[in-house]
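Have a look at the structure below, then the notes.
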Amino acid sequence: TRTHTLTHSLANTLTHTHTHIHAKRPTSTRARTHKTEAHIAPIRSAMSLMDMEFEAVLDMSNQQLDGIGVGFEIDPSLEEVDLTATRTRRIQNLDHCHNLKKLCLRQNLIPKIEGLESCTQLVYLDLYDNQIRHLEGLHNAKLLRYLDLSFNRIREIEGLESCDQIEELYLIRNKISEVKNLDHMARLRTLELGSEQASNHPRT
């Protein structure tokens, strides 16, 4: 029996930290300097997944945008894109981002998970605090290890059949009444539901 972390506290989610390199339009890829070993060392702790960093980074967080890739260029070599709190309403214009590994779209107005079909290298997806109602659009995200969908409107855990590499799954403050469809996630070690503990957890 696998042990999952179920918590009634929002602390872990609300204290996620990200390094911001604010960019003005037009913007370009910027490099973060850190040891090369950080890319190849195995990631063992929850904090290391949250703090994953990459070399080719686009950070336009806390700017009001007309849309992803509207009025600014998204370089195909990008490994990380952070568009936190940009009033983004749709996931789009990422078809050429085959190297994208980390995508942060926290605190936006996104109603649907879409436009990620070409992002097959994605390992980290943060959609905290949006307007998402259904878990979908992740059938090509087979390498995904971290998924945060807290503070959305999701009622059912579904659409994750291809995501068997997930290690951390955050679903705090949704409308989920039953935890199911997770048996294929052999590497799942953190599952957070917050104060709304589901009525049935088949793996505990």
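Ordering of the structure tokens sets the chain letters (A, B, ...), residue numbers begin anew at 1 in every chain, and ligands are numbered from 1 in the order given.
Residue neighbourhood of Ile172 of chain A, excluding near-sequence residues (fewer than 3 positions): A:Ser150, A:Phe151, A:Glu192, A:Leu193, A:Gly194, at 7 Å, using only C-alpha atoms.
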With C-alpha atoms kept, could you save the residues just selected as a compact mmCIF listing (two decimals), in the first residue's frame?
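File written: result-v5.txt
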# COMPACT_ATOMS: atom_id res chain seq x y z
CA SER A 150 -5.47 23.49 -6.94
CA PHE A 151 -8.15 26.17 -6.72
CA GLU A 192 -2.92 16.84 -1.66
CA LEU A 193 -6.65 17.44 -1.46
CA GLY A 194 -6.70 20.12 1.22
Practice item. For Gln131 of chain A, list every protein, DNA or RNA residue within 12 Å, evaluated using only C-alpha atoms, and leave out those in the same chain fewer than 3 positions away; present the list as number ranges by chain. Key: A: 87-90, 105-113, 127-128, 134-135, 149-154, 173-174
Exercise for review: Go through segment 53-194 of chain A and collect every residue that DSSP, computed from the backbone, puts in strand (DSSP E); the answer should be as a PyMOL selection string.
Suggested key: chain A and resi 56-59+80-82+102-104+124-126+146-148+168-170+190-192
Practice item. Please identify which residues in segment 39-152 of chain A DSSP calls helix (DSSP H, G or I) from the backbone, and express them as a list in words. Key: His39, Ile40, Ala46, Met47, Ser48, Leu49 and Met50 of chain A
Write out, as a CSV table (one decimal), in the first residue's frame, the residues just selected, with N, CA and C atoms.
chain,number,residue,atom,x,y,z
A,39,HIS,N,20.7,19.6,-13.4
A,39,HIS,CA,19.9,19.0,-14.5
A,39,HIS,C,19.9,17.5,-14.5
A,40,ILE,N,21.0,16.9,-14.1
A,40,ILE,CA,21.2,15.5,-14.2
A,40,ILE,C,21.0,14.7,-12.9
A,46,ALA,N,10.3,16.7,-2.4
A,46,ALA,CA,9.2,17.5,-2.9
A,46,ALA,C,9.6,18.9,-3.3
A,47,MET,N,10.5,19.5,-2.5
A,47,MET,CA,10.9,20.9,-2.7
A,47,MET,C,11.7,20.9,-4.0
A,48,SER,N,12.5,19.9,-4.3
A,48,SER,CA,13.4,19.9,-5.5
A,48,SER,C,12.5,19.9,-6.8
A,49,LEU,N,11.3,19.3,-6.7
A,49,LEU,CA,10.4,19.4,-7.9
A,49,LEU,C,9.9,20.8,-8.1
A,50,MET,N,9.5,21.4,-7.0
A,50,MET,CA,9.0,22.8,-7.1
A,50,MET,C,10.1,23.7,-7.6
